[in-house]
Amino acid sequence: MSEVRKRRFVVARFDPDRDAEPRTQTYEVPCQPDWKVLDALNYIKDELDSTLSHRWSCRMAVCGSCGMNVDGKPTLTCKQAVEGYGDQVEIEPLSNFPVIRDLVVELEGFLEKLQHVKPWIVRAKELAVEAGPVRQSPEELELFTQFSYCINCMLCYAACPVVANEPEFLGPAAIALGHRYNIDSRDEGAHERNEIFRGEGTIFSCSYANECSEVCPKHVDPAAAINQAKFNAVIDWATSLVLPRGGR
Amino acid sequence: MARPAHPHAMAASKPGRTRTAPPRMPPEFPMRGRYRAYTLFDATGLVYLLLGLLALRLAWALGDGEAAWSAAMAGFRNPLYLAFHALALVSVLFVGVRFFRLFPKAQPPKLGPLEPPSAPVILGGLYGAWIAVTLLLGAILAGGIF
């Protein structure tokens, strides 16, 4: 087993009551070889500086709370081993998000965007319980399964160059989630969502940088979802022109 | 610290009570690390704009008669034009390869009863069509056809 290795962690700090701008603070951390980046942050919090604020919960890449920029790359810190980094590791809050304190970012804007795409099963008419479950074949399930693995860690928003320049852009996770419901055989809300998708600042703002998919820790591939959604939204628009009652 | 992003990036529609620091751009954007390829991809648009203007100039010369056309052709021997065309070739290769790499996963999972072909088949078709069109144009320019 390899030795404990000391690393310098350069951590972004911001206290809304004292700081006009974010600043950095450096900590020497004796890293165990099996540590994740989150373990080093928890060491700082527990042993060196209890004023450091960062979010985390499950420690197993499920809750999506501990996303941060590590050496400039949006990273889920509970999943990323510290061994892959050099003697100095830079930790910053996720890019493109307002910062509440230190490494904690504001979630409200993200949650509003998620809600905007109606991320739930929409039915034209609710079925009675007595009608039983709506059945779905394994093939129908497979179409959207990949896009339902999103844990809302927001790394894709931090990596997206369009989000940085165009604040109204719905962004990768929200569009991928909307697309996931659009291709779910139980859902009947695709027309509504496609109208949202054809609006300003949505799917056609995406220039396919593919950065969202590069950083996604769950391999959801939001870039694929967005570009599939573009195609579906155009087909939906075209069919609504030629079919009676807009194809509904 | 990275430079500031748009001040309202990912902000809530109604500001909360807590004062927040403004959002920052991704640290490596636009020219470092992972973003370099994306920025270069976008920058190739400038090359295509110049190519379009060049095509317009040639069409203009064609309308002005044989002397103007010959003069335009002679102008292409200028080293600057040669360098520009070499740059255009690199741009086309770069954009083509990047586009082809990303194209298969942008296909809709299903279109009615039809499913798109697998990624290797799509890639094979794209590269095959590219090679066929290149060979065809090469044969036309070499005088082999027409």
# chains A, B, ... in the order shown; residues from 1 in each chain; ligands from 1
>>> residues_around(residues="Pro120 (chain B)", least_positions_apart="3", cutoff="12 Å", atoms="only C-alpha atoms", output="MDAnalysis selection string")
chainID B and resid 100:101 103:105 116:117 123:128
>>> closest_atom_pairs(of="chain B", to="chain A", cutoff="6 Å", atoms="only C-alpha atoms", output="CSV")
residue,atom,partner,partner_atom,distance
B:Ala5,CA,A:Ala164,CA,5.3
B:His6,CA,A:Asn165,CA,5.6
B:His8,CA,A:Pro167,CA,5.8
B:Ala9,CA,A:Pro167,CA,4.2
B:Met10,CA,A:Gly109,CA,4.8
B:Ala11,CA,A:Gly109,CA,4.7
B:Ala12,CA,A:Gly109,CA,3.8
B:Arg19,CA,A:Pro16,CA,5.8
B:Thr20,CA,A:Ile100,CA,4.7
B:Ala21,CA,A:Val99,CA,4.9
B:Pro22,CA,A:Pro98,CA,4.9
B:Pro23,CA,A:Pro98,CA,4.4
B:Arg24,CA,A:Ser95,CA,5.1
B:Met25,CA,A:Ser95,CA,5.5
B:Pro26,CA,A:Ser95,CA,5.2
B:Pro27,CA,A:Gly72,CA,5.5
B:Tyr38,CA,A:Ala209,CA,5.8
B:Lys105,CA,A:Ala224,CA,5.4
B:Ala106,CA,A:Asn227,CA,5.0
B:Gln107,CA,A:Gln228,CA,5.7
B:Pro108,CA,A:Gln228,CA,4.9
>>> closest_residue(among="A:Ser57, A:Thr51, A:Asn42, A:Asn182", to="Gln25 (chain A)", atoms="only C-alpha atoms")
A:Thr51
>>> atom_distance(atom1="CA of Glu83 (chain A)", atom2="CA of Glu28 (chain A)")
15.2 Å
>>> select_by_dssp(residues="chain B", states="alpha helix (DSSP H)", output="count of residues only")
86
>>> select_by_dssp(residues="region 10-226 of chain A", states="strand (DSSP E or B)", output="JSON, numbers by chain")
{"A": [10, 11, 12, 13, 23, 24, 25, 26, 27, 28, 29, 30, 31, 36, 67, 68, 69, 70, 73, 74, 75, 76, 81, 88, 89, 90, 91, 92, 99, 100, 101, 104, 105]}
>>> write_last_selection(atoms="C-alpha atoms", output="PDB file, in the first residue's frame")
ATOM      1  CA  VAL A  10      -6.367  25.552  -3.171  1.00  0.00           C
ATOM      2  CA  VAL A  11     -10.004  26.051  -2.267  1.00  0.00           C
ATOM      3  CA  ALA A  12     -12.308  28.880  -3.353  1.00  0.00           C
ATOM      4  CA  ARG A  13     -13.805  30.741  -0.396  1.00  0.00           C
ATOM      5  CA  ARG A  23     -10.970  34.360  -2.889  1.00  0.00           C
ATOM      6  CA  THR A  24      -8.802  31.266  -2.439  1.00  0.00           C
ATOM      7  CA  GLN A  25      -7.323  29.587   0.632  1.00  0.00           C
ATOM      8  CA  THR A  26      -4.655  26.889   0.642  1.00  0.00           C
ATOM      9  CA  TYR A  27      -4.644  23.829   2.911  1.00  0.00           C
ATOM     10  CA  GLU A  28      -2.031  21.083   3.309  1.00  0.00           C
ATOM     11  CA  VAL A  29      -3.847  17.753   3.391  1.00  0.00           C
ATOM     12  CA  PRO A  30      -2.221  14.355   4.137  1.00  0.00           C
ATOM     13  CA  CYS A  31      -4.145  12.294   1.573  1.00  0.00           C
ATOM     14  CA  LYS A  36     -11.750  10.495  -2.944  1.00  0.00           C
ATOM     15  CA  GLY A  67     -20.332  18.424  -7.699  1.00  0.00           C
ATOM     16  CA  MET A  68     -17.464  20.952  -7.860  1.00  0.00           C
ATOM     17  CA  ASN A  69     -14.783  22.092 -10.259  1.00  0.00           C
ATOM     18  CA  VAL A  70     -11.651  20.088  -9.519  1.00  0.00           C
ATOM     19  CA  LYS A  73     -13.221  20.215 -14.556  1.00  0.00           C
ATOM     20  CA  PRO A  74     -16.755  19.717 -13.222  1.00  0.00           C
ATOM     21  CA  THR A  75     -16.415  16.613 -11.061  1.00  0.00           C
ATOM     22  CA  LEU A  76     -18.461  14.546  -8.642  1.00  0.00           C
ATOM     23  CA  ALA A  81     -10.073   9.489  -6.555  1.00  0.00           C
ATOM     24  CA  GLN A  88      -1.710  20.895  -5.940  1.00  0.00           C
ATOM     25  CA  VAL A  89      -5.458  20.494  -6.434  1.00  0.00           C
ATOM     26  CA  GLU A  90      -7.711  23.467  -7.153  1.00  0.00           C
ATOM     27  CA  ILE A  91     -11.294  23.234  -5.923  1.00  0.00           C
ATOM     28  CA  GLU A  92     -13.881  25.778  -7.009  1.00  0.00           C
ATOM     29  CA  VAL A  99     -22.254  31.050  -5.206  1.00  0.00           C
ATOM     30  CA  ILE A 100     -23.971  31.104  -1.814  1.00  0.00           C
ATOM     31  CA  ARG A 101     -20.892  30.319   0.245  1.00  0.00           C
ATOM     32  CA  VAL A 104     -22.037  25.826  -2.255  1.00  0.00           C
ATOM     33  CA  VAL A 105     -23.967  27.069  -5.267  1.00  0.00           C
TER      34      VAL A 105
END
